[in-house]
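Peer 1: See work07.txt below, with compact mmCIF, C-alpha atoms.
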```
# COMPACT_ATOMS: atom_id res chain seq x y z
CA MET F 1 -8.01 -6.17 -59.39
CA GLN F 2 -6.02 -8.06 -61.99
CA THR F 3 -7.87 -10.96 -63.65
CA ILE F 4 -5.94 -13.94 -65.00
CA ALA F 5 -7.51 -16.72 -67.08
CA PHE F 6 -6.03 -20.23 -67.10
CA VAL F 7 -6.90 -21.60 -70.53
CA ASN F 8 -6.01 -24.59 -72.67
CA LYS F 9 -8.11 -26.43 -75.23
CA LYS F 10 -6.61 -29.69 -73.93
CA GLY F 11 -8.06 -31.20 -70.76
CA GLY F 12 -6.05 -32.83 -68.00
CA VAL F 13 -3.11 -30.43 -68.15
CA GLY F 14 -3.56 -29.01 -64.65
CA LYS F 15 -5.67 -25.88 -65.07
CA SER F 16 -7.86 -26.48 -62.01
CA SER F 17 -4.92 -27.72 -59.97
CA CYS F 18 -2.88 -24.62 -60.81
CA VAL F 19 -5.72 -22.29 -59.88
CA MET F 20 -6.40 -24.11 -56.60
CA HIS F 21 -2.79 -24.33 -55.45
CA LEU F 22 -1.80 -20.86 -56.65
CA GLY F 23 -4.90 -19.49 -54.95
CA GLY F 24 -3.73 -20.98 -51.68
CA GLU F 25 -0.21 -19.61 -52.09
CA LEU F 26 -1.42 -16.11 -52.97
CA ALA F 27 -3.86 -16.04 -50.07
CA LYS F 28 -1.05 -17.14 -47.76
CA ARG F 29 0.78 -13.97 -48.80
CA GLY F 30 -2.20 -11.82 -47.86
CA ILE F 31 -3.30 -11.18 -51.44
CA ARG F 32 -7.09 -10.96 -51.58
CA THR F 33 -7.76 -13.69 -54.12
CA LEU F 34 -11.03 -14.51 -55.86
CA LEU F 35 -11.22 -17.88 -57.64
CA VAL F 36 -13.92 -18.28 -60.30
CA ASP F 37 -14.87 -21.76 -61.53
CA ILE F 38 -16.10 -21.35 -65.10
CA ASP F 39 -15.82 -25.04 -65.99
CA SER F 40 -19.11 -26.98 -66.00
CA GLN F 41 -17.22 -29.94 -64.49
CA ALA F 42 -16.69 -27.74 -61.40
CA SER F 43 -13.48 -29.56 -60.43
CA LEU F 44 -12.07 -26.50 -58.67
CA SER F 45 -15.26 -26.11 -56.63
CA GLN F 46 -15.22 -29.77 -55.62
CA GLY F 47 -11.55 -29.51 -54.70
CA LEU F 48 -12.27 -26.63 -52.33
CA LEU F 49 -15.75 -27.55 -51.07
CA GLY F 50 -15.95 -31.33 -51.40
CA ARG F 51 -19.45 -32.77 -51.66
CA GLU F 52 -20.93 -29.41 -50.77
CA ALA F 53 -20.12 -28.29 -54.31
CA LEU F 54 -22.36 -31.03 -55.73
CA GLU F 55 -25.28 -29.89 -53.59
CA LEU F 56 -25.23 -26.24 -54.61
CA HIS F 57 -28.27 -24.92 -56.47
CA PRO F 58 -27.37 -23.34 -59.84
CA SER F 59 -28.50 -19.97 -58.49
CA GLU F 60 -25.71 -20.16 -55.89
CA THR F 61 -23.05 -20.61 -58.56
CA LEU F 62 -21.76 -18.81 -61.64
CA ALA F 63 -24.66 -20.33 -63.57
CA GLY F 64 -26.99 -18.05 -61.61
CA LEU F 65 -25.50 -15.10 -63.44
CA TYR F 66 -26.66 -16.51 -66.77
CA ASP F 67 -30.07 -17.85 -65.79
CA GLY F 68 -31.81 -14.50 -66.17
CA VAL F 69 -33.10 -14.34 -62.59
CA GLY F 70 -31.41 -11.07 -61.69
CA THR F 71 -28.62 -12.59 -59.62
CA SER F 72 -25.92 -10.11 -58.72
CA PHE F 73 -22.31 -11.14 -59.14
CA ALA F 74 -21.43 -10.06 -55.61
CA SER F 75 -24.06 -12.39 -54.15
CA LEU F 76 -22.24 -15.39 -55.66
CA VAL F 77 -18.97 -14.73 -53.84
CA ARG F 78 -18.57 -17.55 -51.34
CA ASN F 79 -16.59 -17.39 -48.12
CA ILE F 80 -14.74 -20.73 -47.99
CA GLY F 81 -13.30 -20.32 -44.52
CA ARG F 82 -9.79 -19.36 -45.62
CA PRO F 83 -8.22 -15.97 -44.95
CA HIS F 84 -7.84 -13.81 -48.06
CA GLN F 85 -9.52 -16.35 -50.37
CA TRP F 86 -13.01 -16.54 -51.86
CA LEU F 87 -14.75 -18.63 -54.52
CA ILE F 88 -17.47 -18.31 -57.10
CA ALA F 89 -18.46 -21.92 -57.60
CA GLY F 90 -19.11 -23.66 -60.89
CA HIS F 91 -22.05 -25.84 -61.88
CA ASP F 92 -22.96 -28.33 -64.58
CA ARG F 93 -25.70 -25.90 -65.69
CA MET F 94 -23.00 -23.87 -67.45
CA THR F 95 -23.03 -26.58 -70.13
CA ASN F 96 -26.29 -25.04 -71.37
CA TYR F 97 -24.53 -21.79 -72.26
CA ASN F 98 -21.40 -23.29 -73.75
CA VAL F 99 -22.12 -22.60 -77.41
CA PRO F 100 -19.55 -22.55 -80.23
CA ASN F 101 -18.81 -19.29 -82.06
CA PRO F 102 -19.27 -17.35 -78.80
CA TRP F 103 -18.25 -14.04 -80.39
CA THR F 104 -21.71 -14.10 -82.01
CA THR F 105 -23.55 -14.14 -78.66
CA GLY F 106 -23.92 -10.37 -78.42
CA VAL F 107 -23.99 -8.87 -74.94
CA ASP F 108 -23.90 -12.30 -73.25
CA GLN F 109 -20.17 -12.55 -73.88
CA PHE F 110 -19.68 -9.54 -71.59
CA ILE F 111 -21.68 -10.85 -68.61
CA LEU F 112 -18.63 -12.22 -66.79
CA ARG F 113 -16.57 -9.11 -67.54
CA ASP F 114 -19.26 -6.82 -66.19
CA GLY F 115 -19.82 -9.02 -63.14
CA LEU F 116 -16.15 -8.93 -62.22
CA ALA F 117 -16.22 -5.14 -62.55
CA GLU F 118 -18.82 -5.09 -59.75
CA VAL F 119 -16.34 -6.52 -57.24
CA ALA F 120 -13.05 -5.25 -58.67
CA ASP F 121 -12.36 -3.04 -55.65
CA ASP F 122 -12.85 -5.90 -53.20
CA PHE F 123 -10.04 -8.15 -54.42
CA ASP F 124 -6.43 -7.85 -55.50
CA LEU F 125 -6.30 -10.77 -57.92
CA CYS F 126 -8.85 -13.00 -59.66
CA LEU F 127 -7.99 -16.40 -61.15
CA LEU F 128 -10.39 -17.88 -63.72
CA ASP F 129 -10.43 -21.68 -64.08
CA CYS F 130 -11.60 -22.38 -67.63
CA PRO F 131 -12.96 -25.52 -69.33
CA PRO F 132 -10.92 -27.36 -71.98
CA HIS F 133 -12.25 -25.64 -75.08
CA VAL F 134 -12.48 -22.25 -76.75
CA GLN F 135 -16.27 -21.99 -76.71
CA PHE F 136 -18.50 -19.60 -74.75
CA CYS F 137 -17.18 -20.13 -71.21
CA ALA F 138 -13.50 -19.87 -72.09
CA TRP F 139 -14.22 -17.04 -74.52
CA SER F 140 -16.02 -15.10 -71.78
CA ALA F 141 -12.91 -15.47 -69.64
CA LEU F 142 -10.72 -14.06 -72.41
CA VAL F 143 -13.10 -11.13 -72.80
CA ALA F 144 -12.93 -10.48 -69.05
CA ALA F 145 -9.24 -11.09 -68.33
CA ASP F 146 -6.17 -8.89 -68.18
CA GLY F 147 -3.82 -11.80 -68.77
CA VAL F 148 -3.79 -15.42 -69.93
CA ILE F 149 -1.72 -18.32 -68.65
CA ILE F 150 -1.69 -21.50 -70.72
CA PRO F 151 -0.85 -24.54 -68.56
CA ALA F 152 0.75 -27.11 -70.84
CA GLN F 153 2.02 -30.60 -70.16
CA MET F 154 5.34 -31.18 -71.90
CA GLU F 155 4.05 -34.02 -74.07
CA ASP F 156 2.47 -34.22 -77.49
CA PHE F 157 -1.11 -34.49 -76.21
CA GLY F 158 -0.44 -31.83 -73.59
CA ILE F 159 0.47 -29.11 -76.06
CA GLN F 160 -2.19 -29.91 -78.63
CA GLY F 161 -4.62 -27.03 -79.00
CA VAL F 162 -2.05 -24.31 -78.24
CA ALA F 163 -2.46 -22.78 -81.71
CA ALA F 164 -6.24 -22.59 -81.27
CA ILE F 165 -5.82 -20.81 -77.92
CA LEU F 166 -3.42 -18.29 -79.43
CA ASP F 167 -5.88 -17.64 -82.26
CA SER F 168 -8.67 -17.12 -79.72
CA ILE F 169 -6.51 -14.67 -77.75
CA ASP F 170 -5.91 -12.68 -80.93
CA MET F 171 -9.64 -12.62 -81.67
CA ALA F 172 -10.51 -11.62 -78.10
CA ARG F 173 -8.11 -8.67 -78.30
CA GLU F 174 -10.43 -7.11 -80.85
CA ILE F 175 -12.92 -6.44 -78.05
CA ASN F 176 -10.53 -6.67 -75.09
CA PRO F 177 -7.35 -4.86 -76.18
CA ARG F 178 -5.81 -5.02 -72.70
CA LEU F 179 -5.55 -8.84 -72.87
CA VAL F 180 -1.96 -10.12 -72.82
CA LEU F 181 -0.36 -13.54 -72.86
CA LEU F 182 1.47 -14.00 -69.57
CA GLY F 183 2.97 -17.23 -70.77
CA PHE F 184 2.95 -20.99 -71.14
CA LEU F 185 3.26 -22.74 -67.78
CA PRO F 186 4.89 -26.20 -67.96
CA THR F 187 2.87 -28.57 -65.78
CA MET F 188 3.10 -32.17 -64.57
CA VAL F 189 6.82 -32.11 -65.31
CA HIS F 190 8.93 -35.14 -64.36
CA LYS F 191 12.63 -34.31 -64.32
CA GLY F 192 13.51 -37.92 -65.01
CA PHE F 193 11.52 -38.08 -68.25
CA ALA F 194 13.61 -37.26 -71.32
CA ILE F 195 10.41 -36.63 -73.29
CA HIS F 196 9.49 -33.79 -70.92
CA ALA F 197 12.93 -32.21 -71.29
CA ASN F 198 12.73 -32.51 -75.07
CA TYR F 199 9.29 -30.92 -75.31
CA GLU F 200 10.29 -28.19 -72.87
CA ALA F 201 13.30 -27.38 -75.05
CA SER F 202 11.05 -27.31 -78.13
CA MET F 203 8.58 -24.99 -76.42
CA ARG F 204 11.35 -22.63 -75.35
CA SER F 205 12.79 -22.67 -78.86
CA ALA F 206 9.38 -21.85 -80.36
CA TYR F 207 8.03 -19.37 -77.80
CA GLY F 208 11.13 -18.05 -76.00
CA GLN F 209 10.34 -15.81 -73.03
CA ASP F 210 6.66 -16.66 -73.29
CA VAL F 211 7.47 -19.92 -71.47
CA PHE F 212 7.60 -19.72 -67.66
CA GLU F 213 10.96 -20.55 -66.10
CA ALA F 214 9.11 -21.93 -63.08
CA MET F 215 7.39 -25.28 -63.59
CA VAL F 216 4.78 -27.41 -61.82
CA PRO F 217 6.23 -30.85 -61.08
CA THR F 218 4.52 -34.22 -60.97
CA THR F 219 4.10 -35.20 -57.32
CA THR F 220 1.49 -36.91 -55.19
CA ASP F 221 1.47 -33.95 -52.77
CA PHE F 222 -0.85 -32.04 -55.10
CA LYS F 223 -3.32 -34.93 -55.28
CA VAL F 224 -3.23 -35.60 -51.54
CA ALA F 225 -3.82 -31.93 -50.79
CA VAL F 226 -6.89 -31.87 -53.03
CA THR F 227 -8.37 -34.94 -51.32
CA LEU F 228 -8.04 -32.99 -48.06
CA GLN F 229 -9.70 -29.94 -49.67
CA LYS F 230 -6.53 -27.93 -49.19
CA SER F 231 -4.00 -26.19 -51.36
CA VAL F 232 -0.51 -27.66 -51.20
CA ALA F 233 0.62 -24.51 -49.35
CA GLU F 234 -1.82 -25.43 -46.58
CA HIS F 235 -1.19 -29.19 -46.70
CA LYS F 236 2.61 -29.30 -46.73
CA PRO F 237 3.96 -25.73 -46.74
CA LYS F 238 7.64 -26.73 -46.54
CA GLY F 239 7.44 -29.48 -49.16
CA ALA F 240 8.92 -29.43 -52.65
CA ALA F 241 5.50 -29.05 -54.29
CA ALA F 242 4.63 -25.98 -52.21
CA LYS F 243 8.02 -24.44 -53.02
CA ALA F 244 7.43 -25.06 -56.73
CA ILE F 245 4.04 -23.34 -56.58
CA ALA F 246 5.63 -20.44 -54.69
CA ARG F 247 8.12 -20.01 -57.54
CA VAL F 248 5.28 -20.05 -60.07
CA ALA F 249 3.44 -17.41 -58.01
CA ASP F 250 6.56 -15.23 -57.89
CA GLU F 251 7.00 -15.42 -61.64
CA MET F 252 3.30 -14.88 -62.33
CA LEU F 253 3.27 -11.71 -60.23
CA ALA F 254 6.42 -10.49 -61.99
CA ARG F 255 4.89 -11.16 -65.40
CA ILE F 256 1.70 -9.33 -64.44
CA ALA F 257 3.79 -6.31 -63.46
CA ALA F 258 5.87 -6.48 -66.65
CA ARG F 259 3.22 -7.38 -69.21
CA CYS F 260 0.05 -5.86 -67.78
CA GLY F 261 1.93 -2.79 -66.66
CA GLU F 262 0.62 -2.88 -63.11
CA LEU F 263 1.71 -4.43 -59.85
CA VAL F 264 -0.75 -6.55 -57.92
CA LYS F 265 -1.47 -4.26 -54.99
CA PHE F 266 -2.25 -5.84 -51.64
CA SER F 267 -5.11 -4.46 -49.58
CA PRO F 268 -6.45 -5.39 -46.15
CA SER F 269 -9.02 -8.18 -46.42
CA PRO F 270 -12.46 -7.14 -45.23
CA GLU F 271 -14.91 -9.75 -43.96
CA TRP F 272 -16.88 -10.65 -47.08
CA LYS F 273 -20.60 -10.55 -46.38
CA GLU F 274 -21.89 -13.58 -48.18
CA VAL F 275 -25.46 -13.12 -49.35
CA ALA F 276 -27.71 -16.04 -48.42
```
Represent the structure from my file as structure tokens, please.

Peer 2:
Amino acid sequence: MQTIAFVNKKGGVGKSSCVMHLGGELAKRGIRTLLVDIDSQASLSQGLLGREALELHPSETLAGLYDGVGTSFASLVRNIGRPHQWLIAGHDRMTNYNVPNPWTTGVDQFILRDGLAEVADDFDLCLLDCPPHVQFCAWSALVAADGVIIPAQMEDFGIQGVAAILDSIDMAREINPRLVLLGFLPTMVHKGFAIHANYEASMRSAYGQDVFEAMVPTTTDFKVAVTLQKSVAEHKPKGAAAKAIARVADEMLARIAARCGELVKFSPSPEWKEVA
């Protein structure tokens, strides 16, 4: 299993949206995909589960792994009724663990990494939806991940915090040397906005091949799909938004092969036995 963290210190740049819609596209291809909601806002979980996400007990979510009650990681994997796709839900309780200077938290910073190792043989790809900071939750994702994608809106506010993320990646490599930057993913791009084109050009000038060629456009199809608790690949598979996400998925898989040194291997999807 390859594990990819979607991280940016800035909120509102499309991290949860990217994970949700890419998850749907990957699952559509038969790739056994595990989505993990590390953000205490649990936006990804609400997008996939609706109000059910708000009614989950902390012990049924990622927070259960940190509450010291002996919860196994495998027991948190939730069947969400979609072929090839599973979720570990997030919960507001994660706020309690979101301390600054997370590299000083001892063995706690490895809890997520070790949990993912428990189920590594059961999935082909894991996408981690991270909160907008570089504190404990996002740090744990960097410690656990093989690769990092930084969704970035091509505006001044959208790319703020990039330097802090890059510094955190460098720090995380000290204990997770396999961690690589897969790239900056331009999100919420409007082709008619000169400001987006200008910032995109600046990003490409500064970071070169670290910037994805594929981009996530601004379109209502993404928002409508989420209100229906669907990925855009499920909602409107032949639409422009779904095609854009498919291009991002293609490039992400290519970058994983090139930069992590390993193809994402597809395996038959077993029926996941969700533990009550």

Peer 1: Identify which of the residues F:Asp122, F:Glu200, F:Asp146, F:Asp129 lies closest to Ala257 (chain F), counting all atoms listed in the file when measuring atom-to-atom distances.

Peer 2: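 The closest residue to Ala257 (chain F) is F:Asp146.
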
Peer 1: Write out as a compact mmCIF listing (two decimals) with C-alpha atoms, keeping the file's coordinate frame each polymer residue whose atoms come within 12 Å of Ala244 (chain F), counting all atoms listed in the file; drop sequence neighbours fewer than 6 positions from it.

Peer 2:
```txt
# COMPACT_ATOMS: atom_id res chain seq x y z
CA CYS F 18 -2.88 -24.62 -60.81
CA HIS F 21 -2.79 -24.33 -55.45
CA LEU F 22 -1.80 -20.86 -56.65
CA GLU F 25 -0.21 -19.61 -52.09
CA PRO F 186 4.89 -26.20 -67.96
CA THR F 187 2.87 -28.57 -65.78
CA MET F 188 3.10 -32.17 -64.57
CA VAL F 189 6.82 -32.11 -65.31
CA GLU F 213 10.96 -20.55 -66.10
CA ALA F 214 9.11 -21.93 -63.08
CA MET F 215 7.39 -25.28 -63.59
CA VAL F 216 4.78 -27.41 -61.82
CA PRO F 217 6.23 -30.85 -61.08
CA THR F 218 4.52 -34.22 -60.97
CA THR F 219 4.10 -35.20 -57.32
CA ASP F 221 1.47 -33.95 -52.77
CA PHE F 222 -0.85 -32.04 -55.10
CA VAL F 232 -0.51 -27.66 -51.20
CA ALA F 233 0.62 -24.51 -49.35
CA LYS F 236 2.61 -29.30 -46.73
CA PRO F 237 3.96 -25.73 -46.74
CA LYS F 238 7.64 -26.73 -46.54
CA ASP F 250 6.56 -15.23 -57.89
CA GLU F 251 7.00 -15.42 -61.64
```

Peer 1: Calculated over only C-alpha atoms, which of the candidates F:Ile245, F:Ala120, F:Ala145, F:Ala194 has the smallest distance to Arg32 (chain F)?

Peer 2: F:Ala120

Peer 1: Between F:Ala201, F:Ile111, F:Val148, F:Val143, which one has atoms that come closest to Leu127 (chain F), using all atoms listed in the file?

Peer 2: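 Once distances to Leu127 (chain F) are computed over all atoms listed in the file, the minimum belongs to F:Val148.
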
Peer 1: When you count all atoms listed in the file, which of these residues is closest to Glu55 (chain F): F:Ser168, F:Lys191, F:Gly261, F:Gly90?

Peer 2: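 The shortest atom-to-atom distance to Glu55 (chain F) comes from F:Gly90.
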
Peer 1: Any idea what's packed within 10 Å of Leu54 (chain F), counting all atoms listed in the file, ignoring anything in its chain fewer than 3 positions away? Could you give it as a PyMOL selection string?

Peer 2: chain F and resi 42+45-46+49-51+57+90-92
